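First up is the structure itself, then whatever we jot down about it.
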Amino acid sequence: MQSVVWVDAVEPDEAVAAAGSKIGRLADLHRAGVEVPQGFAVSVDAYRRHCGEAGLDPRIDEVIGRLGADPSEADVEAASAEIRELFVATPMSDALAAEITDAYEELCVRCVDVNVPTAVRSSATGEDAADASFAGIFDTYLGVSGAPRVLDAIRACWGSLFTGRALAYRLRKGISHHDMPIAVGVIELIHARASGVAFSVHPVTGKPDRVVIETSWGWGEAIVQGVVDPDHIEVGKADGRVLRYDVAHKAIVSAFDFADGRVTEVEMPARLADRKVLDEEQIGAVVSAVTAIEEHYGYPVDVEWVISRHRRAGDGICIVQSRPVTVTAEESAPLAYDPVALAQKYVFSGKPVPGR
């Protein structure tokens with residue numbers, strides 16, 4: 001039983017089973033030569049080990065058993081809060097905490113940094129399947145630095161397996177939480193000059209002839225929270241020509257607050273508010289990465305990406321997440337999901353964020 005698996009070392013046929021969908025896919029992209037952040041996953045086995053050693057399994061089962069066959073929304077939310085508090089209040093064993101602390105310290109060495117800021121991301125098995133039934137339900141914590149905070153964030157991510165939405169969905173579908181264990185990624189937080197999301201098909205029409213990019217300065221949290229209008233870019237796949245570039249007035253930027261240890265929203269500097277975020281070379285790098293990932297998987301994808309502050313022209317961009325996009329058979333038909341709900345999944349937050 002492995003408690004920790006590294007993104008750059010886990011075997012492809014073991015990645016998703018050990019590290020969950022999000023981190024498993026990062027490991028697969030790394031193997032395919034895509035630039036991804038450094039990091040590791042606290043494995044599904046570690047989650048099961050913690051629940052068993054700490055006596056959480058019977059306590060969780062007892063709370064869920066009280067809900068009965070047709071619980072009210074209020075009852076589900078109350079059960080969710082009770083279970084999540086169990087995870088917050090129950091420390092890891094000294095042995096497991098030591099394993100994770102050692103891995104975090106190794107990550108600091110690899111990043112040549114002290115107390116490297118990380119994204120601590122829930123990575124449940126089956127979370128990012130093609131139907132995306134669980135997409136956006138679990139938590140992510142960004143800007144987490146120092147081993148004690150990382151350990152706390154991991155336990156909170158474990159608890160997010162029991163958000164009200166996740167619990168209600170499993171109850172409706174008759175899925176046991178024992179059949180959907182969760183891993184947690186501890187991933188280097190790339191210092192973002194700019195970031196965003198990109199679709200290898202049009203996110204409204206489903207047409208596959210273009211890549212669509214949404215972007216702003218800094219991290220993408222301000223986009224997701226609706227406090228900034230991102231630049232909107234459409235690029236033809238056939239020739240890489242920029243078909244459309246709508247420059248938005250960007251009043252807010254998500255920036256890292258070193259004193260507070262998190263990403264937060266601040267007023268955009270006036271000189272950046274109406275300036276194009278991406279130049280043609282950077283647009284080309286985003287398109288190249290997205291189309292390469294689509295070709296690798298053989299289906300449309302949406303991708304979260306970051307341009308590092310230290311990136312130079314000609315370098316690649318860093319991919320922090322990729323998942324399938326489900327479209328209908330007809331190219332011009334709408335996507336088989338709600339674009340507003342989809343947008344809520346793209347969270348780059350420096351604080352506890354549900355729905356990641």
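Simple scheme: letters A, B, ... for chains in structure tokens order, numbers from 1 for residues in each chain, numbers from 1 for ligands in the order shown.
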Next on the checklist: Which residues are close to A:Thr264, i.e. within 7 Å by only C-alpha atoms, leaving aside same-chain residues fewer than 5 positions away? Reply as a ChimeraX atom specification.
Outcome noted: /A:254-257,350
Could you save the residues just selected, with C-alpha atoms, as a PDB file, in the first residue's frame?
ATOM      1  CA  SER A 254      -6.278  37.278  -8.456  1.00  0.00           C
ATOM      2  CA  ALA A 255      -2.816  37.636  -6.933  1.00  0.00           C
ATOM      3  CA  PHE A 256      -0.833  35.749  -4.317  1.00  0.00           C
ATOM      4  CA  ASP A 257      -0.789  37.399  -0.892  1.00  0.00           C
ATOM      5  CA  GLY A 350      -6.094  30.712  -2.490  1.00  0.00           C
TER       6      GLY A 350
END
Item to check | Contact residues around A:Trp219 with only C-alpha atoms at 7 Å, ignoring same-chain residues under 2 positions, as a ChimeraX atom specification | outcome: /A:192,194-195,217,221,254-255,348
Next on the checklist: Given only C-alpha atoms as the basis, pick out the residue of A:Val247, A:Ile307, A:Ile100, A:Leu272 nearest to A:Val184.
Outcome noted: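 Closest residue, counting only C-alpha atoms: A:Ile100.
Nearest residue to A:Ile23, choosing from A:Leu151, A:Val186, A:Ala81, A:Val253 and counting only C-alpha atoms: A:Val186.
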Checklist entry - Can you tell me, as a PyMOL selection string, what residues are no more than 7 Å from A:Met268 when counting only C-alpha atoms, ignoring any on the same chain fewer than 2 positions away? => result chain A and resi 250-253+266+270+272-273
With N, CA and C atoms retained, export the selected residues as a tab-separated table (two decimals), in the first residue's frame.
chain	number	residue	atom	x	y	z
A	250	LYS	N	-10.64	44.58	-17.33
A	250	LYS	CA	-10.40	43.65	-16.22
A	250	LYS	C	-10.14	44.46	-14.95
A	251	ALA	N	-11.15	44.60	-14.12
A	251	ALA	CA	-11.06	45.48	-12.96
A	251	ALA	C	-10.41	44.82	-11.75
A	252	ILE	N	-10.41	43.50	-11.70
A	252	ILE	CA	-9.91	42.75	-10.55
A	252	ILE	C	-8.89	41.72	-11.02
A	253	VAL	N	-7.89	41.47	-10.18
A	253	VAL	CA	-6.90	40.43	-10.49
A	253	VAL	C	-6.75	39.52	-9.27
A	266	VAL	N	-7.60	41.51	-5.76
A	266	VAL	CA	-7.25	42.90	-5.51
A	266	VAL	C	-7.58	43.72	-6.76
A	270	ALA	N	-4.16	49.92	-13.16
A	270	ALA	CA	-4.85	50.61	-14.27
A	270	ALA	C	-4.21	50.30	-15.62
A	272	LEU	N	-2.97	47.64	-16.68
A	272	LEU	CA	-3.25	46.29	-17.16
A	272	LEU	C	-4.72	46.06	-17.46
A	273	ALA	N	-5.59	46.91	-16.95
A	273	ALA	CA	-7.03	46.65	-17.01
A	273	ALA	C	-7.53	46.46	-18.44
Next on the checklist: Report as a list in words all protein, DNA and RNA residues lying within 8 Å of A:Val76, evaluated on only C-alpha atoms, omitting residues in the same chain fewer than 5 positions from it.
Outcome noted: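 Near A:Val76, the qualifying residues are Leu67, Pro71, Gly164, Leu167 and Ala168 of chain A.
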Next on the checklist: Please return, as number ranges by chain, all residues of stretch 107-196 of chain A that DSSP assigns to strand (DSSP E or B) on the basis of the backbone.
Outcome noted: A: 118-124, 140-144, 182-188, 192-196
Residue selection dump (N, CA and C atoms) as a PDB file, in the first residue's frame:
ATOM      1  N   THR A 118       1.425  25.441  -2.465  1.00  0.00           N
ATOM      2  CA  THR A 118       0.881  24.317  -3.229  1.00  0.00           C
ATOM      3  C   THR A 118      -0.607  24.492  -3.496  1.00  0.00           C
ATOM      4  N   ALA A 119      -1.071  23.729  -4.462  1.00  0.00           N
ATOM      5  CA  ALA A 119      -2.495  23.508  -4.663  1.00  0.00           C
ATOM      6  C   ALA A 119      -2.802  22.138  -4.081  1.00  0.00           C
ATOM      7  N   VAL A 120      -3.652  22.100  -3.072  1.00  0.00           N
ATOM      8  CA  VAL A 120      -4.068  20.841  -2.466  1.00  0.00           C
ATOM      9  C   VAL A 120      -5.445  20.533  -3.031  1.00  0.00           C
ATOM     10  N   ARG A 121      -5.512  19.501  -3.877  1.00  0.00           N
ATOM     11  CA  ARG A 121      -6.681  19.295  -4.725  1.00  0.00           C
ATOM     12  C   ARG A 121      -7.294  17.914  -4.512  1.00  0.00           C
ATOM     13  N   SER A 122      -8.582  17.885  -4.239  1.00  0.00           N
ATOM     14  CA  SER A 122      -9.299  16.615  -4.186  1.00  0.00           C
ATOM     15  C   SER A 122      -9.227  15.926  -5.540  1.00  0.00           C
ATOM     16  N   SER A 123      -9.058  14.611  -5.515  1.00  0.00           N
ATOM     17  CA  SER A 123      -8.936  13.837  -6.755  1.00  0.00           C
ATOM     18  C   SER A 123      -9.626  12.499  -6.558  1.00  0.00           C
ATOM     19  N   ALA A 124     -10.953  12.523  -6.659  1.00  0.00           N
ATOM     20  CA  ALA A 124     -11.738  11.311  -6.409  1.00  0.00           C
ATOM     21  C   ALA A 124     -11.690  10.378  -7.607  1.00  0.00           C
ATOM     22  N   THR A 140     -10.800  22.246  -3.426  1.00  0.00           N
ATOM     23  CA  THR A 140      -9.399  22.547  -3.674  1.00  0.00           C
ATOM     24  C   THR A 140      -8.995  23.697  -2.763  1.00  0.00           C
ATOM     25  N   TYR A 141      -7.760  23.649  -2.280  1.00  0.00           N
ATOM     26  CA  TYR A 141      -7.199  24.735  -1.472  1.00  0.00           C
ATOM     27  C   TYR A 141      -5.910  25.184  -2.160  1.00  0.00           C
ATOM     28  N   LEU A 142      -5.813  26.463  -2.492  1.00  0.00           N
ATOM     29  CA  LEU A 142      -4.629  26.948  -3.191  1.00  0.00           C
ATOM     30  C   LEU A 142      -3.824  27.882  -2.301  1.00  0.00           C
ATOM     31  N   GLY A 143      -2.519  27.853  -2.529  1.00  0.00           N
ATOM     32  CA  GLY A 143      -1.619  28.699  -1.762  1.00  0.00           C
ATOM     33  C   GLY A 143      -1.248  28.111  -0.418  1.00  0.00           C
ATOM     34  N   VAL A 144      -1.411  26.804  -0.238  1.00  0.00           N
ATOM     35  CA  VAL A 144      -1.133  26.161   1.046  1.00  0.00           C
ATOM     36  C   VAL A 144       0.373  25.913   1.160  1.00  0.00           C
ATOM     37  N   ILE A 182     -11.198   8.639  -2.262  1.00  0.00           N
ATOM     38  CA  ILE A 182     -10.635   9.896  -2.741  1.00  0.00           C
ATOM     39  C   ILE A 182      -9.134   9.954  -2.476  1.00  0.00           C
ATOM     40  N   ALA A 183      -8.407  10.467  -3.436  1.00  0.00           N
ATOM     41  CA  ALA A 183      -6.995  10.817  -3.259  1.00  0.00           C
ATOM     42  C   ALA A 183      -6.914  12.340  -3.183  1.00  0.00           C
ATOM     43  N   VAL A 184      -5.748  12.846  -2.822  1.00  0.00           N
ATOM     44  CA  VAL A 184      -5.548  14.295  -2.740  1.00  0.00           C
ATOM     45  C   VAL A 184      -4.198  14.636  -3.357  1.00  0.00           C
ATOM     46  N   GLY A 185      -4.197  15.556  -4.313  1.00  0.00           N
ATOM     47  CA  GLY A 185      -2.958  16.008  -4.914  1.00  0.00           C
ATOM     48  C   GLY A 185      -2.357  17.162  -4.136  1.00  0.00           C
ATOM     49  N   VAL A 186      -1.043  17.136  -3.985  1.00  0.00           N
ATOM     50  CA  VAL A 186      -0.292  18.261  -3.411  1.00  0.00           C
ATOM     51  C   VAL A 186       0.662  18.708  -4.511  1.00  0.00           C
ATOM     52  N   ILE A 187       0.284  19.785  -5.181  1.00  0.00           N
ATOM     53  CA  ILE A 187       0.915  20.165  -6.445  1.00  0.00           C
ATOM     54  C   ILE A 187       1.529  21.559  -6.314  1.00  0.00           C
ATOM     55  N   GLU A 188       2.724  21.703  -6.844  1.00  0.00           N
ATOM     56  CA  GLU A 188       3.389  22.998  -6.875  1.00  0.00           C
ATOM     57  C   GLU A 188       2.456  24.066  -7.455  1.00  0.00           C
ATOM     58  N   ALA A 192       1.725  32.515 -11.335  1.00  0.00           N
ATOM     59  CA  ALA A 192       1.051  32.813 -12.594  1.00  0.00           C
ATOM     60  C   ALA A 192       1.206  34.265 -13.017  1.00  0.00           C
ATOM     61  N   ARG A 193       1.710  34.441 -14.225  1.00  0.00           N
ATOM     62  CA  ARG A 193       1.621  35.745 -14.874  1.00  0.00           C
ATOM     63  C   ARG A 193       0.224  35.930 -15.435  1.00  0.00           C
ATOM     64  N   ALA A 194      -0.280  34.860 -16.057  1.00  0.00           N
ATOM     65  CA  ALA A 194      -1.639  34.834 -16.604  1.00  0.00           C
ATOM     66  C   ALA A 194      -2.105  33.396 -16.572  1.00  0.00           C
ATOM     67  N   SER A 195      -3.406  33.212 -16.615  1.00  0.00           N
ATOM     68  CA  SER A 195      -3.954  31.858 -16.596  1.00  0.00           C
ATOM     69  C   SER A 195      -5.329  31.880 -17.227  1.00  0.00           C
ATOM     70  N   GLY A 196      -5.898  30.700 -17.356  1.00  0.00           N
ATOM     71  CA  GLY A 196      -7.230  30.638 -17.940  1.00  0.00           C
ATOM     72  C   GLY A 196      -7.642  29.226 -18.263  1.00  0.00           C
TER      73      GLY A 196
END
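Counting only C-alpha atoms and comparing A:Leu86, A:Leu161, A:Ala285, A:Ala17, the residue that lies closest to A:Ser176 is A:Leu161.
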